[in-house]
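What follows is a single structure, written as structure tokens, with notes after it.
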Amino acid sequence: MSVAADVLIVGAGIVGAACARECASRGLSTVVVDAGAMGGGATAAGMGHIVVMDDSPMQLALTRYAQHLWRELAAELPPSVEFEACGTLWVASSEEEMAEIRRKRDLYASVGVESEILDGQALAEAEPQLRRPLPGALLVPSDAVLYPPCAAAFLMRDAIRMGARFHARRRVLSAEKGIVRLEDGTQFHAPHIVNACGADAVRLLPALPIRKRRGHLVITDRYPGFVRHQLVELGYLRSAHSITTDSVAFNVQPRTTGQLLIGSSREYGAESTAVNHALLSAMVARAQQYLPGIADLQAIRVWTGFRAATPDKLPLVGPWPEDESLYLATGHEGLGITTSLATAKLLIAALLGEKAEIAPEPYLPARFLGASPTPQHNGSAMSELVHASEKSHA
Amino acid sequence: MPASPANDHFDLLVIGAGPAGIAAAVTAADAGLRAALVDDNPRPGGQIWRGGAHLPAPARQWLARLDGSSVVRLQGWRVFDAPEPNLVLAEQNGATDKTANANPALAVLHYGKLVLATGARERFLPFPGWTLPNVMGAGGLDALVRAGLPIAGKCVVVAGTGPLLLAVAAHLAERGARIAAVCEQAPRSRLATFAAHLFFEPGKLWQGARYRWAARTGRFLTSCWPVAALGGDRLRSVTLRRGSRQWNVACDYLACGFHLVPDTELPALLGCRIVDGFIATDELLETSLPGVYCAGEPTGIGGVDLSVLEGQIAALAVCGKTAEARLLARKRRRRLGFVHALEQACVLDPELRALATNETIVCRCEDVPCAALRERDGWREAKLLTRCGMGPCQGRICGAAAEFLFGWRAESVRPPIFPALVSSLAWGPARQTQNFSAAGALSENSKETP
């Protein structure tokens, strides 16, 4: 039996690439295998928004840490990554939402994330294309945008520079008990296997509580300066949090190319990459409500991608208790680009038995083991998931 | 909020108003179907039947039949998406004489049967200087001249491969251009083999008369191609190579096209089966999708006569006139040898792959140089890491070049197949019913659907 590496990572998306870089930097021999190209899955489909989110204190802790790691890395990123700290504007559409914005500011301040409330006039000056009047917004200046495929490629190249090996277009059939079997008949033996396959992780480990959550994005031709910050409606969190229905939310990103990315949609139960035109239509209509002028811009492409959604909106990072060789780095839903670097830090701490910079427990896969598989009215995440899956095919 | 789109239903929708599309629409309308012909150009004729007065007799006849038919003509409308079965979305280019603001910019076109006659485009190969102003497609320059670009007294080099080169050179010469050279990359021996086919197929694009004209001028060079276009702000001269000989020719225009590639984006978006880059059909030109037919260049590059024949076959099949369709299909089968011979004649010399230097731009939309692509090992990776093919043309130009240079074949097609207004993506169920008249105008008395 030949041992291929200390760590074998399945999946070369941005999460797998970040993990490979972290492992290689710590002197572990590292091999990465992917069925396709580097960063070709959800990484390529995503927006590339580095954002602090507060769906839960655990999500806030993880994204805050992650955003900090990206800012530290920013100086090393090549121009192709198009990292730009343009900030996020969380746009309120009612006085009720303004109250929510004040709450959000205080919460962010309590964990050391700087933010600033803009009133309606300041918002109109900051983003003249937004509809008027709007009551205001919360500016989080430390949030950023980047181009995910080149970010993943940068991380992977850095890993390779430090000795990691990458095998593209090699599909993995199974990854368990220290053995990774490839479709081409190859077997890799490794004491540590990391499943970083995003929404496809369940193919290798059906017990995972991950569901595909499809999203759509539109990219426009180049309109430099049309918007200046990543614009997200405050209700985005509601859309992201809901796990029972298809939803859309206003979420527009300026690319450094001058192009705009228009999102976002969320739907369960969709397996095909084909565009859902009803949802696309609702998504675009939502964007037009906030940015009326966007209607007259040229759209050049629409695509879909699959988020790896977990019931509690937190990723699965750390050992899988039922197989001592197996570690997980998946389940990031819409935050894989943001939290990739933090995921890698948590993973390496777990692999080496070190203390991580943030508490790893909320993200440990073990949290889903031992939960009752049958629905119980105790509000647990697992029962919510089962409940949702019963409804979603209506 | 977007205006309510126009909304109409046709027994037969024909997409593309070139020879195949015109023949299909006219044939179907003559048989009593309500047929519509949609095309993004302001006038019918496609790439080949452009510019009224100078057209050959068959073109004038078909265009006259179209004028006299009941075909609903949606000229200046570009189909950009097919969101549901039996329905496409089209946007108005603003190219028609629409009365300001009266017409919506978006049309929802429902159909019973569909004929895809989407045509073909020129293949461009990158070489140093190919992005200079006044270096253009052979067909592209021809179209500009037909649209009024003054060419008399201008010096033109025509280069690339395929029968289009001679057709364009002959036409530009008629308009007073000085043709400095016509450079065909294929060797003379291969052209001779192809010319033998013409003996049995008179009236083809690569007509004997044109061939003789070119031969007589002495400026028709085989095994010859441009290696660089030179000039600062615009083209001044072209460096040509033939074997080991290399020389400069001063010129005002370089008209350059390396044969044709079929426009298969819409068939691909619909889900039609594609084999070796062409749309697979049965004998009566039905694609792998029931009720969806394909005619003209997307089934195989065969020129105008074959396109007309295919348009008729598809329309007859749509009308259920199977016996007549089969008769014409037999005629078509005899001509398929020509398609094959043409393909063989236009096979690109592998040396053309070496024309692009590291700095030569391959993707003009995203300014991607050749060096950035050489490191990639597939179209997908190239797209993701360099954005090659991700600009407004969606790889229409660089895709064919990359296929030749690196052997990459483009993957799936994503909507919209042409850039479309963001608001057009938000077309909703709340629509007005507005019918198009035969002239392509919308009826005034639109009524709300319940």
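Each chain in the structure tokens gets a letter, A, B, ..., in the order shown, and its residues are numbered from 1; ligands are numbered from 1 in order too.
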
Contact residues (chain B, partner chain A, 8 Å, only C-alpha atoms) as a list in words: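 Applying the cut-off to the listed atoms yields Met1, Pro2, Pro83, Arg380, Glu381, Leu384, Leu385, Gly391, Pro392, Gln394, Arg414, Pro415, Pro416, Ile417, Phe418, Pro419, Ala420, Leu421, Val422, Ser423, Ser424, Leu425, Ala426, Trp427 and Gly428 of chain B.
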
Residue neighbourhood stretch 108-120 of chain A, 7 Å, only C-alpha atoms, exclusion window fewer than 5 positions, as a CSV table (one decimal) with N, CA and C atoms, in the first residue's frame:
```
chain,number,residue,atom,x,y,z
A,133,PRO,N,-37.6,58.0,-2.9
A,133,PRO,CA,-36.7,58.0,-1.7
A,133,PRO,C,-36.5,56.6,-1.1
A,134,LEU,N,-35.4,56.4,-0.5
A,134,LEU,CA,-35.2,55.3,0.4
A,134,LEU,C,-34.7,55.8,1.7
A,135,PRO,N,-35.1,55.1,2.8
A,135,PRO,CA,-34.8,55.7,4.1
A,135,PRO,C,-33.3,55.7,4.5
A,136,GLY,N,-32.6,54.8,4.0
A,136,GLY,CA,-31.1,54.7,4.3
A,136,GLY,C,-30.5,53.4,4.1
A,137,ALA,N,-29.3,53.3,4.6
A,137,ALA,CA,-28.6,52.0,4.5
A,137,ALA,C,-27.5,51.9,5.5
A,138,LEU,N,-26.9,50.7,5.7
A,138,LEU,CA,-25.8,50.5,6.5
A,138,LEU,C,-24.6,50.2,5.6
A,139,LEU,N,-23.5,51.0,5.8
A,139,LEU,CA,-22.3,50.8,5.0
A,139,LEU,C,-21.3,50.0,5.8
A,140,VAL,N,-20.9,48.9,5.3
A,140,VAL,CA,-19.8,48.1,5.9
A,140,VAL,C,-18.6,48.3,5.0
A,141,PRO,N,-17.7,49.2,5.3
A,141,PRO,CA,-16.6,49.5,4.3
A,141,PRO,C,-15.6,48.4,4.2
```

Distance query A:Ala349 at most 12 Å, only C-alpha atoms, self and fewer than 6 positions along chain excluded, as a list in words: Cys19, Glu22, Cys23, Arg26, Val317, Gly318, Pro319, Tyr327, Ala342, Thr343, Lys355, Ala356, Glu357, Ile358, Ala359 and Pro360 of chain A

Taking C-alpha atoms for each residue, export the selection above as a PDB file, in the first residue's frame.
```
ATOM      1  CA  CYS A  19      -7.297  24.065   2.529  1.00  0.00           C
ATOM      2  CA  GLU A  22      -2.936  25.885   4.437  1.00  0.00           C
ATOM      3  CA  CYS A  23      -1.876  22.212   4.592  1.00  0.00           C
ATOM      4  CA  ARG A  26       2.363  23.671   7.343  1.00  0.00           C
ATOM      5  CA  VAL A 317     -15.751  21.890   8.994  1.00  0.00           C
ATOM      6  CA  GLY A 318     -13.762  19.315  10.910  1.00  0.00           C
ATOM      7  CA  PRO A 319     -13.652  15.566  11.483  1.00  0.00           C
ATOM      8  CA  TYR A 327     -12.664  15.510   7.391  1.00  0.00           C
ATOM      9  CA  ALA A 342     -11.357  30.694   7.711  1.00  0.00           C
ATOM     10  CA  THR A 343     -12.441  27.170   6.844  1.00  0.00           C
ATOM     11  CA  LYS A 355      -6.259  25.580  18.950  1.00  0.00           C
ATOM     12  CA  ALA A 356      -8.078  27.594  16.312  1.00  0.00           C
ATOM     13  CA  GLU A 357      -8.428  31.358  16.477  1.00  0.00           C
ATOM     14  CA  ILE A 358     -12.199  31.074  16.737  1.00  0.00           C
ATOM     15  CA  ALA A 359     -14.218  28.403  18.540  1.00  0.00           C
ATOM     16  CA  PRO A 360     -14.606  25.498  16.075  1.00  0.00           C
TER      17      PRO A 360
END
```

From B:Leu289, B:Ala329, B:Val14, B:Ile274, residue lying nearest B:Ala36 [only C-alpha atoms]: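 Result for the nearest residue to B:Ala36: B:Val14.
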
A:Arg213 environment, 8 Å, only C-alpha atoms, sequence neighbours closer than 3 positions dropped, as number ranges by chain: A: 266-270, 306-309, 333

Pairwise distance for atom CA of B:Ala25 and atom CA of B:Ala317, rounded to one decimal in Å: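 Computing it gives 12.3 Å between the two atoms.
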
Closest of B:Arg123, B:Gln312, B:Phe194, B:Ala229 to B:Leu327 - atom-to-atom distances counting only C-alpha atoms: B:Gln312

Spatial neighbours of stretch 320-326 of chain B, 10 Å, only C-alpha atoms, chain gap at least 5 places, as a list in words: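 Skipping anything fewer than 5 positions along the chain leaves Ala31, Glu283, Leu284, Leu285, Leu309, Glu310, Gln312, Ile313, Ala314, Ala315, Lys331 and Arg332 of chain B.
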
Those same residues - N, CA and C atoms - I'd like them written as a CSV table (one decimal), in the first residue's frame.
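The result, stored in part13.csv:
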```
chain,number,residue,atom,x,y,z
B,31,ALA,N,-48.6,27.5,-48.8
B,31,ALA,CA,-49.5,26.4,-48.5
B,31,ALA,C,-50.6,26.7,-47.5
B,283,GLU,N,-33.9,13.2,-42.9
B,283,GLU,CA,-33.9,13.5,-44.3
B,283,GLU,C,-34.8,14.7,-44.6
B,284,LEU,N,-35.9,14.9,-43.9
B,284,LEU,CA,-36.7,16.0,-44.1
B,284,LEU,C,-36.4,17.2,-43.2
B,285,LEU,N,-35.2,17.1,-42.6
B,285,LEU,CA,-34.6,18.3,-41.9
B,285,LEU,C,-35.2,18.6,-40.5
B,309,LEU,N,-33.0,25.1,-51.2
B,309,LEU,CA,-33.6,23.7,-51.3
B,309,LEU,C,-34.0,23.2,-49.9
B,310,GLU,N,-33.1,23.4,-49.0
B,310,GLU,CA,-33.4,22.9,-47.6
B,310,GLU,C,-34.6,23.7,-47.0
B,312,GLN,N,-37.1,24.9,-48.6
B,312,GLN,CA,-38.3,24.3,-49.2
B,312,GLN,C,-38.7,23.0,-48.6
B,313,ILE,N,-37.6,22.1,-48.4
B,313,ILE,CA,-37.9,20.8,-47.9
B,313,ILE,C,-38.5,20.9,-46.4
B,314,ALA,N,-37.9,21.7,-45.6
B,314,ALA,CA,-38.3,21.9,-44.2
B,314,ALA,C,-39.8,22.4,-44.2
B,315,ALA,N,-40.1,23.4,-45.1
B,315,ALA,CA,-41.4,23.9,-45.1
B,315,ALA,C,-42.5,22.9,-45.5
B,331,LYS,N,-33.1,15.3,-54.3
B,331,LYS,CA,-32.3,16.3,-55.0
B,331,LYS,C,-31.2,16.8,-54.1
B,332,ARG,N,-31.6,17.0,-52.9
B,332,ARG,CA,-30.6,17.5,-51.9
B,332,ARG,C,-29.5,16.5,-51.7
```

From A:Leu60, A:Glu354, A:Leu155, A:Gly215, residue lying nearest A:Val15 [only C-alpha atoms]: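 Of A:Leu60, A:Glu354, A:Leu155, A:Gly215, the one nearest A:Val15, counting only C-alpha atoms, is A:Leu155.
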